[in-house]
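Colleague: Hey, dropping my_file-v3.txt in here, compact mmCIF, C-alpha atoms:
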```txt
# COMPACT_ATOMS: atom_id res chain seq x y z
CA MET A 27 219.94 211.18 -37.05
CA THR A 28 218.02 214.29 -38.09
CA GLU A 29 219.66 217.67 -38.47
CA LEU A 30 218.61 218.59 -34.95
CA MET A 31 217.29 216.29 -32.29
CA THR A 32 213.73 217.01 -31.19
CA GLY A 33 211.68 216.16 -28.16
CA GLY A 34 212.07 219.14 -25.85
CA PRO A 35 214.83 221.30 -24.40
CA LEU A 36 218.06 219.70 -23.33
CA THR A 37 220.73 220.69 -20.86
CA ALA A 38 224.45 220.50 -21.50
CA GLY A 39 224.93 217.57 -19.14
CA THR A 40 222.17 215.27 -20.37
CA PRO A 41 222.84 212.06 -22.34
CA GLU A 42 220.73 213.48 -25.19
CA ALA A 43 222.93 216.57 -25.49
CA SER A 44 226.10 214.47 -25.39
CA GLU A 45 224.73 212.18 -28.11
CA HIS A 46 223.91 215.18 -30.30
CA LEU A 47 227.47 216.42 -29.78
CA ARG A 48 228.99 213.03 -30.68
CA GLU A 49 226.86 212.81 -33.82
CA ILE A 50 227.98 216.27 -34.92
CA LEU A 51 231.63 215.40 -34.27
CA ARG A 52 231.32 212.17 -36.24
CA TRP A 53 229.86 214.12 -39.13
CA HIS A 54 232.47 216.89 -39.23
CA PHE A 55 235.57 214.76 -38.61
CA ASP A 56 234.78 211.83 -40.88
CA PRO A 57 236.70 212.25 -44.17
CA ARG A 58 233.59 211.16 -46.06
CA THR A 59 231.37 213.90 -44.63
CA GLY A 60 233.55 216.56 -43.02
CA SER A 61 234.57 219.90 -44.50
CA PRO A 62 238.10 220.49 -45.88
CA PHE A 63 238.48 223.23 -43.25
CA TRP A 64 237.99 220.95 -40.24
CA LEU A 65 239.71 217.92 -41.72
CA ARG A 66 242.83 220.06 -42.11
CA LYS A 67 242.47 221.53 -38.62
CA ALA A 68 242.20 218.07 -37.08
CA ARG A 69 245.79 217.28 -38.03
CA ASP A 70 247.11 220.04 -35.76
CA LEU A 71 244.94 219.36 -32.72
CA ASP A 72 246.63 217.81 -29.67
CA PHE A 73 243.59 215.60 -29.06
CA ASP A 74 241.28 213.35 -31.06
CA PRO A 75 237.85 214.98 -31.52
CA LEU A 76 236.18 211.61 -32.03
CA ASN A 77 237.60 209.92 -28.94
CA ASP A 78 238.48 212.71 -26.51
CA ILE A 79 235.44 215.01 -26.72
CA HIS A 80 232.45 213.61 -24.83
CA HIS A 81 230.58 216.53 -23.28
CA ILE A 82 229.82 220.17 -24.02
CA ALA A 83 232.46 221.27 -21.50
CA ASP A 84 235.11 219.38 -23.52
CA LEU A 85 234.57 221.76 -26.45
CA ARG A 86 236.73 224.30 -24.63
CA ARG A 87 239.72 222.23 -25.76
CA PHE A 88 239.17 223.45 -29.32
CA PRO A 89 240.81 226.70 -30.43
CA ASP A 90 238.59 229.61 -31.35
CA VAL A 91 238.99 229.56 -35.14
CA SER A 92 236.28 232.13 -35.88
CA GLY A 93 238.85 234.74 -36.90
CA GLU A 94 239.78 232.55 -39.87
CA LEU A 95 236.26 232.92 -41.22
CA ARG A 96 237.31 236.34 -42.50
CA THR A 97 239.59 234.85 -45.15
CA VAL A 98 239.00 231.11 -45.62
CA PRO A 99 237.59 230.12 -49.05
CA VAL A 100 233.91 229.45 -48.38
CA GLU A 101 233.94 226.19 -50.35
CA ASP A 102 236.31 224.79 -47.71
CA LEU A 103 233.58 225.25 -45.10
CA VAL A 104 231.02 223.05 -46.88
CA PRO A 105 230.88 219.49 -45.48
CA GLU A 106 231.57 216.80 -48.08
CA GLY A 107 228.39 215.07 -46.94
CA HIS A 108 226.40 218.10 -48.10
CA VAL A 109 228.07 218.88 -51.42
CA ASP A 110 224.76 218.17 -53.20
CA ARG A 111 222.97 220.89 -51.21
CA PHE A 112 222.63 224.56 -52.05
CA PHE A 113 224.59 226.66 -49.56
CA GLU A 114 224.23 230.37 -48.94
CA VAL A 115 226.97 232.65 -47.65
CA PHE A 116 226.28 235.16 -44.87
CA GLU A 117 228.54 237.74 -43.26
CA SER A 118 228.76 239.16 -39.76
CA GLY A 119 228.18 242.84 -39.16
CA GLY A 120 231.88 243.66 -39.01
CA THR A 121 231.43 245.41 -35.69
CA VAL A 122 234.98 244.72 -34.50
CA GLY A 123 236.82 244.33 -37.81
CA ALA A 124 236.49 242.66 -41.18
CA PRO A 125 233.30 240.56 -41.42
CA LYS A 126 233.32 236.81 -40.86
CA ARG A 127 231.59 234.47 -43.31
CA VAL A 128 229.52 231.39 -42.61
CA VAL A 129 227.76 228.94 -44.91
CA ASP A 130 224.32 227.45 -44.41
CA SER A 131 221.84 225.20 -46.14
CA VAL A 132 219.03 224.29 -43.70
CA SER A 133 220.29 224.69 -40.13
CA ARG A 134 219.25 228.30 -39.71
CA THR A 135 215.85 227.58 -41.20
CA LEU A 136 215.31 225.08 -38.37
CA ASN A 137 216.26 227.80 -35.90
CA VAL A 138 213.91 230.34 -37.48
CA ASP A 139 211.01 227.89 -37.62
CA TRP A 140 211.38 227.34 -33.86
CA VAL A 141 211.53 231.12 -33.29
CA SER A 142 208.18 231.37 -35.06
CA THR A 143 206.61 229.09 -32.45
CA VAL A 144 208.05 231.29 -29.70
CA LEU A 145 206.52 234.38 -31.31
CA ALA A 146 203.20 232.57 -31.34
CA ASP A 147 203.61 232.06 -27.59
CA HIS A 148 204.07 235.84 -27.32
CA GLY A 149 200.78 236.34 -29.14
CA PHE A 150 202.23 237.74 -32.36
CA PRO A 151 199.67 238.07 -35.17
CA ALA A 152 199.33 235.01 -37.37
CA HIS A 153 198.55 237.08 -40.48
CA GLY A 154 199.35 240.47 -41.96
CA HIS A 155 202.20 242.20 -43.79
CA TRP A 156 205.64 242.49 -42.22
CA LEU A 157 208.02 245.43 -42.68
CA HIS A 158 211.70 244.64 -42.20
CA VAL A 159 213.58 247.80 -41.18
CA GLY A 160 217.00 246.19 -41.01
CA PRO A 161 219.86 244.77 -43.05
CA THR A 162 219.25 242.24 -45.80
CA GLY A 163 222.19 240.72 -47.68
CA PRO A 164 224.91 239.87 -46.87
CA HIS A 165 223.44 239.55 -43.36
CA VAL A 166 221.38 236.52 -42.38
CA VAL A 167 218.77 238.61 -40.55
CA GLY A 168 217.18 239.56 -43.87
CA ARG A 169 216.45 235.94 -44.73
CA THR A 170 215.34 235.32 -41.17
CA VAL A 171 212.63 237.97 -41.16
CA LYS A 172 211.35 236.95 -44.59
CA ARG A 173 211.07 233.36 -43.37
CA LEU A 174 209.13 234.42 -40.27
CA ALA A 175 206.70 236.34 -42.46
CA GLU A 176 206.41 233.40 -44.86
CA LEU A 177 205.48 231.05 -42.02
CA ARG A 178 202.50 233.33 -41.34
CA GLY A 179 201.47 233.55 -44.96
CA ALA A 180 202.49 237.21 -44.96
CA MET A 181 204.23 239.42 -47.47
CA CYS A 182 207.41 241.05 -46.23
CA PHE A 183 208.48 244.55 -47.26
CA THR A 184 212.19 245.34 -47.02
CA LEU A 185 214.26 248.45 -47.48
CA ASP A 186 217.88 249.37 -48.12
CA PHE A 187 219.79 249.31 -44.84
CA ASP A 188 223.59 249.26 -44.63
CA PRO A 189 224.68 249.15 -40.97
CA ARG A 190 228.37 249.08 -41.84
CA TRP A 191 228.12 252.50 -43.46
CA VAL A 192 226.51 253.98 -40.35
CA LYS A 193 229.17 252.44 -38.12
CA ARG A 194 231.86 253.96 -40.35
CA LEU A 195 230.22 257.37 -40.11
CA ILE A 196 229.95 257.21 -36.32
CA GLY A 197 233.45 255.79 -35.93
CA SER A 198 234.91 258.67 -37.91
CA GLY A 199 232.94 261.30 -36.01
CA ARG A 200 230.54 262.14 -38.85
CA THR A 201 227.47 261.91 -36.65
CA ALA A 202 225.49 264.46 -38.69
CA LEU A 203 225.73 262.18 -41.72
CA ALA A 204 224.73 259.20 -39.57
CA ASP A 205 221.64 261.13 -38.47
CA GLU A 206 220.89 261.93 -42.10
CA TYR A 207 221.13 258.24 -42.96
CA ARG A 208 218.66 257.39 -40.20
CA ASP A 209 216.25 259.96 -41.65
CA TYR A 210 216.73 258.36 -45.06
CA LEU A 211 215.68 255.01 -43.58
CA LEU A 212 212.56 256.58 -42.11
CA ASP A 213 211.72 258.13 -45.46
CA GLN A 214 211.68 254.62 -46.91
CA VAL A 215 209.52 253.36 -44.04
CA GLU A 216 207.08 256.16 -44.74
CA LEU A 217 206.79 255.23 -48.40
CA VAL A 218 205.61 251.75 -47.38
CA ALA A 219 203.45 252.79 -44.46
CA ARG A 220 201.47 255.35 -46.47
CA SER A 221 199.83 252.74 -48.66
CA GLN A 222 200.33 249.35 -46.97
CA ASP A 223 198.67 247.78 -43.94
CA VAL A 224 201.73 246.82 -41.87
CA LYS A 225 200.93 244.45 -39.00
CA VAL A 226 204.42 243.42 -37.85
CA LEU A 227 207.47 245.64 -37.66
CA PHE A 228 211.03 244.34 -37.38
CA ILE A 229 213.21 247.26 -36.35
CA THR A 230 216.18 248.36 -34.26
CA PRO A 231 215.70 250.47 -31.10
CA PRO A 232 217.44 253.65 -32.38
CA VAL A 233 215.34 253.69 -35.55
CA LEU A 234 212.16 252.88 -33.63
CA GLU A 235 212.79 255.79 -31.26
CA ALA A 236 213.35 258.11 -34.22
CA LEU A 237 210.18 256.78 -35.87
CA CYS A 238 208.14 257.70 -32.79
CA ALA A 239 209.40 261.29 -33.15
CA ARG A 240 207.77 261.60 -36.60
CA PRO A 241 204.12 262.27 -35.71
CA ALA A 242 202.43 261.33 -38.99
CA LEU A 243 204.50 258.19 -39.50
CA TYR A 244 204.14 257.12 -35.88
CA GLU A 245 200.37 257.63 -35.86
CA ARG A 246 199.95 255.61 -39.04
CA LEU A 247 201.96 252.63 -37.76
CA ALA A 248 200.53 252.81 -34.25
CA SER A 249 197.09 252.34 -35.80
CA THR A 250 198.05 249.22 -37.79
CA VAL A 251 200.97 247.44 -36.09
CA GLU A 252 200.10 244.48 -33.87
CA GLY A 253 203.60 243.09 -33.37
CA ILE A 254 207.05 244.64 -32.94
CA LEU A 255 210.18 242.51 -33.09
CA TRP A 256 213.29 244.44 -32.17
CA ALA A 257 216.97 243.53 -32.33
CA GLY A 258 220.40 244.79 -33.20
CA THR A 259 221.31 247.16 -30.37
CA SER A 260 220.68 247.41 -26.67
CA ILE A 261 217.68 249.21 -25.20
CA SER A 262 217.09 250.62 -21.74
CA PRO A 263 214.29 249.19 -19.57
CA GLU A 264 212.64 252.61 -19.43
CA THR A 265 212.65 253.01 -23.21
CA LEU A 266 211.25 249.50 -23.61
CA ARG A 267 208.50 250.26 -21.11
CA GLN A 268 207.54 253.41 -23.03
CA ILE A 269 207.39 251.49 -26.31
CA GLU A 270 205.19 248.79 -24.81
CA GLU A 271 202.90 250.92 -22.67
CA THR A 272 202.84 254.37 -24.26
CA PHE A 273 203.72 254.27 -27.94
CA PHE A 274 202.45 250.83 -29.04
CA PRO A 275 200.08 249.57 -26.31
CA ARG A 276 198.05 247.48 -28.80
CA ALA A 277 201.10 245.63 -30.14
CA LYS A 278 202.90 242.57 -28.84
CA VAL A 279 206.57 243.48 -28.34
CA ALA A 280 209.41 240.95 -28.27
CA ALA A 281 213.12 240.88 -28.99
CA ILE A 282 215.68 238.56 -30.49
CA TYR A 283 219.35 238.29 -29.66
CA GLY A 284 221.79 236.61 -31.96
CA ASN A 285 224.50 236.90 -34.53
CA THR A 286 225.80 235.27 -37.67
CA ILE A 287 227.56 232.48 -35.79
CA MET A 288 225.13 231.50 -33.04
CA GLY A 289 221.83 232.02 -34.85
CA ILE A 290 218.81 233.42 -33.03
CA ALA A 291 217.90 233.36 -29.35
CA PRO A 292 214.38 234.81 -29.01
CA GLN A 293 213.03 236.48 -25.94
CA ARG A 294 211.14 233.89 -23.94
CA PRO A 295 207.63 234.83 -22.75
CA ARG A 296 207.85 236.68 -19.48
CA ALA A 297 207.36 234.61 -16.38
CA GLU A 298 206.15 235.81 -13.01
CA GLY A 299 209.11 236.94 -10.94
CA ASP A 300 211.42 237.64 -13.91
CA GLU A 301 213.93 240.26 -12.85
CA PHE A 302 214.70 241.33 -16.41
CA PRO A 303 212.16 242.45 -19.04
CA CYS A 304 213.94 240.46 -21.77
CA VAL A 305 215.39 237.00 -21.18
CA PHE A 306 216.72 235.23 -24.27
CA ARG A 307 216.74 231.47 -24.81
CA PRO A 308 219.17 229.90 -27.33
CA PHE A 309 218.21 227.21 -29.86
CA PHE A 310 219.73 224.35 -27.88
CA PRO A 311 221.49 222.03 -28.69
CA GLN A 312 222.28 223.48 -32.11
CA SER A 313 223.37 226.73 -30.44
CA VAL A 314 225.01 226.30 -27.06
CA VAL A 315 225.64 229.54 -25.18
CA GLU A 316 227.76 229.73 -22.04
CA LEU A 317 228.37 232.81 -19.93
CA VAL A 318 231.91 232.70 -18.61
CA ASP A 319 234.28 234.71 -16.49
CA PRO A 320 236.54 236.66 -18.93
CA GLY A 321 239.55 235.99 -16.71
CA THR A 322 239.18 232.29 -15.97
CA GLY A 323 236.93 231.07 -18.78
CA GLU A 324 234.77 229.23 -16.24
CA PRO A 325 230.97 229.54 -16.25
CA VAL A 326 229.54 232.24 -13.99
CA GLY A 327 226.75 231.59 -11.49
CA TYR A 328 223.10 232.48 -11.86
CA GLY A 329 222.55 236.20 -11.55
CA GLU A 330 226.17 236.95 -12.51
CA ARG A 331 227.43 238.66 -15.64
CA GLY A 332 229.69 236.72 -17.98
CA GLN A 333 231.17 236.90 -21.45
CA VAL A 334 229.25 235.09 -24.17
CA ARG A 335 230.86 231.87 -25.39
CA ILE A 336 229.18 230.07 -28.31
CA HIS A 337 229.37 226.52 -29.62
CA LEU A 338 227.58 226.05 -32.95
CA LEU A 339 226.70 222.37 -33.38
CA SER A 340 224.90 221.84 -36.68
CA ARG A 341 225.61 219.62 -39.65
CA ASP A 342 226.09 222.69 -41.83
CA MET A 343 228.79 224.16 -39.61
CA PHE A 344 230.75 223.25 -36.51
CA LEU A 345 232.19 226.23 -34.63
CA PRO A 346 233.19 225.53 -31.03
CA ASN A 347 234.54 227.76 -28.30
CA VAL A 348 233.83 231.15 -29.91
CA LEU A 349 234.21 234.05 -27.49
CA GLU A 350 231.93 236.93 -28.45
CA ARG A 351 232.35 240.63 -27.67
CA ASP A 352 229.07 240.55 -25.70
CA THR A 353 228.35 239.99 -22.03
CA ALA A 354 225.06 239.00 -20.39
CA VAL A 355 223.59 237.94 -17.07
CA ARG A 356 222.97 234.22 -16.60
CA VAL A 357 219.32 233.48 -15.81
CA ARG A 358 217.75 230.27 -14.54
CA PRO A 359 215.59 228.32 -16.99
CA ALA A 360 211.93 229.28 -17.25
CA PRO A 361 209.44 227.07 -15.41
CA GLY A 362 209.16 223.77 -17.26
CA ASP A 363 212.33 224.40 -19.25
CA THR A 364 215.91 223.25 -18.67
CA VAL A 365 217.92 225.70 -20.80
CA ASP A 366 219.53 228.76 -19.21
CA GLY A 367 218.49 232.21 -20.33
CA LEU A 368 220.61 235.29 -20.78
CA ALA A 369 219.60 238.86 -20.06
CA ASP A 370 220.83 242.46 -20.08
CA VAL A 371 223.07 241.89 -23.09
CA GLY A 372 225.75 244.52 -23.62
CA PRO A 373 229.24 244.95 -25.08
CA LEU A 374 232.30 243.64 -23.26
CA ARG A 375 233.92 246.53 -21.44
CA ASP A 376 237.54 245.61 -20.99
CA ALA A 377 240.81 247.37 -21.70
CA ASP A 378 241.75 244.65 -24.19
CA ALA A 379 238.33 244.39 -25.85
CA PRO A 380 237.98 245.86 -29.35
CA ALA A 381 235.94 249.02 -29.66
CA VAL A 382 232.27 248.43 -30.40
CA ILE A 383 230.18 250.80 -32.49
CA GLU A 384 226.50 249.95 -32.38
CA GLY A 385 225.22 252.62 -34.76
CA VAL A 386 221.66 251.84 -35.81
CA TYR A 387 222.19 248.08 -35.75
```
Could you render the structure as structure tokens?

Modeller:
Amino acid sequence: MTELMTGGPLTAGTPEASEHLREILRWHFDPRTGSPFWLRKARDLDFDPLNDIHHIADLRRFPDVSGELRTVPVEDLVPEGHVDRFFEVFESGGTVGAPKRVVDSVSRTLNVDWVSTVLADHGFPAHGHWLHVGPTGPHVVGRTVKRLAELRGAMCFTLDFDPRWVKRLIGSGRTALADEYRDYLLDQVELVARSQDVKVLFITPPVLEALCARPALYERLASTVEGILWAGTSISPETLRQIEETFFPRAKVAAIYGNTIMGIAPQRPRAEGDEFPCVFRPFFPQSVVELVDPGTGEPVGYGERGQVRIHLLSRDMFLPNVLERDTAVRVRPAPGDTVDGLADVGPLRDADAPAVIEGVY
């Protein structure tokens, strides 16, 4: 079997999705191919992953082990079947505590390559320089944006961007320093924009809004940019409308939602009758996203808000039943598709939920 089954979108209940799940379980729980991490975990489970897990819904029987990714030796995460591959290490943003680490060889490249086809559906330019105004290492988004540019034969400019530092400043009440850091980022953007013909801009909403308030910088980029890809923090519908219609009317604007564990869910092209301006579609079946009731853990209905639950099903990593700190509204699949969308993503607002600091990313 290939790393990810092809042939069109799949739903959680189809035989194809169940076969993908069984193949991933066979890979990760076979002593010849599984990782030391999961082979150890299997001994303490009260069920047999190879015989008792048949469908996506059965993955809820697994414990959420994502917290252990903060401390586990990364070599224990590498499947024995892939020991001859080069693995990279990526970290989460550390929004609610110490960062988690994942390993990856090719699975996220498959995800990014699919995202590129979605951007083509949005009408993103096929050529021209990209400017990445976002984190690079140790965050996977840096590699993601470079790969998207590479697929278009483009050069990708990057800049220094440390979101953890901004979150620390905001969390400790040093907002003036956080504002100064944002201005520092824009100074770096200006250095590139003065001499380079930037066609695609990857940026976060707070930095994009601040960019539009710098007349010379805004006018330069508004005259060259043909595509804007935004991510990292939430954005209001009104602000998004202003970006699309007033500030950058000649550019295609799209968003991506994702994180270190789930990968990338790009905004699907808007369909007639969409209630929300941005509806995100996960890279199914490698990334399975469920929206569940925080109290019962059961999936919510269409049009209802639920907490994000992720199952990562790739040969590089298996991470089931991960509850995220995000919530979203469950949206019906787009016409011709069979995979649910999610919209209006925001932080979980619950008395027991950890505090979330968005900062500039």

Colleague: When you draw a straight line from atom CA of A:Pro164 to atom CA of A:Arg86, how long is it in Å?

Modeller: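 Interatomic distance here is 29.6 Å.
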
Colleague: So what do you get for atom CA of A:Gly367 versus atom CA of A:Pro308, distance-wise?

Modeller: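 Separating atom CA of A:Gly367 from atom CA of A:Pro308 is a distance of 7.4 Å.
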
Colleague: Considering only C-alpha atoms, can you say which of A:Arg178, A:His46, A:Arg52, A:Arg96 comes closest to A:Pro151?

Modeller: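 Of A:Arg178, A:His46, A:Arg52, A:Arg96, the one nearest A:Pro151 is A:Arg178, counting only C-alpha atoms.
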
Colleague: If we count only C-alpha atoms, what is near stretch 79-82 of chain A at a cut-off of 10 Å, once residues fewer than 3 positions away on the same chain are taken out, given as a list in words?

Modeller: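 My reading of the contact set: Thr37, Ala38, Gly39, Thr40, Pro41, Ala43, Ser44, Glu45, His46, Leu47, Arg48, Leu51, Phe73, Asp74, Pro75, Leu76, Leu85, Arg86, Arg87, Phe88, Pro311, Val314, Glu316, His337, Pro346 and Asn347 of chain A.
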
Colleague: Point out the residue among A:Asn285, A:Thr135, A:Gln333, A:Ser313 with the least atom-to-atom distance to A:Ala369, counting only C-alpha atoms.

Modeller: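 Closest candidate: A:Gln333.
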
Colleague: Could you get me a file of stretch 318-342 of chain A with N, CA, C and O atoms, as a compact mmCIF listing (two decimals), in the first residue's frame, taken from the block above?

Modeller:
```txt
# COMPACT_ATOMS: atom_id res chain seq x y z
N VAL A 318 -16.59 17.38 18.24
CA VAL A 318 -17.31 16.63 19.25
C VAL A 318 -17.80 17.54 20.37
O VAL A 318 -17.25 18.62 20.63
N ASP A 319 -18.82 17.06 21.05
CA ASP A 319 -19.33 17.75 22.23
C ASP A 319 -18.29 17.61 23.34
O ASP A 319 -17.90 16.50 23.69
N PRO A 320 -17.82 18.74 23.93
CA PRO A 320 -16.79 18.64 24.98
C PRO A 320 -17.23 17.83 26.19
O PRO A 320 -16.40 17.26 26.90
N GLY A 321 -18.53 17.77 26.43
CA GLY A 321 -19.03 17.04 27.60
C GLY A 321 -19.16 15.56 27.37
O GLY A 321 -18.79 14.74 28.22
N THR A 322 -19.69 15.17 26.21
CA THR A 322 -19.96 13.75 25.94
C THR A 322 -18.92 13.08 25.06
O THR A 322 -18.81 11.86 25.05
N GLY A 323 -18.18 13.87 24.29
CA GLY A 323 -17.22 13.29 23.35
C GLY A 323 -17.84 12.78 22.07
O GLY A 323 -17.14 12.24 21.21
N GLU A 324 -19.16 12.94 21.93
CA GLU A 324 -19.85 12.47 20.73
C GLU A 324 -19.85 13.55 19.65
O GLU A 324 -19.87 14.74 19.96
N PRO A 325 -19.83 13.14 18.38
CA PRO A 325 -19.83 14.13 17.29
C PRO A 325 -21.05 15.03 17.34
O PRO A 325 -22.15 14.60 17.66
N VAL A 326 -20.85 16.31 17.02
CA VAL A 326 -21.96 17.25 16.97
C VAL A 326 -22.61 17.18 15.59
O VAL A 326 -22.06 16.58 14.65
N GLY A 327 -23.79 17.76 15.45
CA GLY A 327 -24.49 17.77 14.18
C GLY A 327 -24.00 18.88 13.28
O GLY A 327 -23.25 19.78 13.69
N TYR A 328 -24.43 18.83 12.03
CA TYR A 328 -24.08 19.89 11.09
C TYR A 328 -24.65 21.22 11.57
O TYR A 328 -25.76 21.30 12.08
N GLY A 329 -23.82 22.25 11.45
CA GLY A 329 -24.21 23.57 11.91
C GLY A 329 -23.96 23.81 13.38
O GLY A 329 -24.19 24.92 13.88
N GLU A 330 -23.48 22.79 14.10
CA GLU A 330 -23.20 22.92 15.53
C GLU A 330 -21.71 23.06 15.78
O GLU A 330 -20.89 22.57 15.01
N ARG A 331 -21.39 23.73 16.88
CA ARG A 331 -19.99 23.92 17.26
C ARG A 331 -19.52 22.76 18.13
O ARG A 331 -20.23 22.32 19.03
N GLY A 332 -18.31 22.28 17.84
CA GLY A 332 -17.74 21.20 18.63
C GLY A 332 -16.25 21.38 18.82
O GLY A 332 -15.60 22.17 18.12
N GLN A 333 -15.71 20.66 19.76
CA GLN A 333 -14.27 20.67 20.01
C GLN A 333 -13.57 19.81 18.96
O GLN A 333 -14.08 18.77 18.54
N VAL A 334 -12.39 20.25 18.55
CA VAL A 334 -11.65 19.55 17.51
C VAL A 334 -10.96 18.32 18.09
O VAL A 334 -10.19 18.41 19.05
N ARG A 335 -11.28 17.16 17.50
CA ARG A 335 -10.59 15.91 17.84
C ARG A 335 -9.88 15.43 16.57
O ARG A 335 -10.46 15.35 15.51
N ILE A 336 -8.59 15.07 16.72
CA ILE A 336 -7.77 14.70 15.57
C ILE A 336 -7.30 13.27 15.70
O ILE A 336 -6.92 12.81 16.79
N HIS A 337 -7.30 12.56 14.57
CA HIS A 337 -6.64 11.26 14.45
C HIS A 337 -5.64 11.39 13.29
O HIS A 337 -6.04 11.60 12.14
N LEU A 338 -4.36 11.28 13.58
CA LEU A 338 -3.33 11.32 12.54
C LEU A 338 -3.00 9.89 12.13
O LEU A 338 -2.51 9.11 12.96
N LEU A 339 -3.24 9.56 10.87
CA LEU A 339 -3.09 8.19 10.39
C LEU A 339 -2.12 8.15 9.21
O LEU A 339 -2.52 8.00 8.06
N SER A 340 -0.84 8.28 9.50
CA SER A 340 0.18 8.18 8.45
C SER A 340 1.19 7.12 8.87
O SER A 340 1.23 6.69 10.02
N ARG A 341 2.00 6.70 7.93
CA ARG A 341 3.03 5.72 8.27
C ARG A 341 4.17 6.35 9.07
O ARG A 341 4.90 5.64 9.75
N ASP A 342 4.33 7.65 8.97
CA ASP A 342 5.36 8.31 9.76
C ASP A 342 4.97 8.39 11.23
O ASP A 342 5.80 8.19 12.12
```
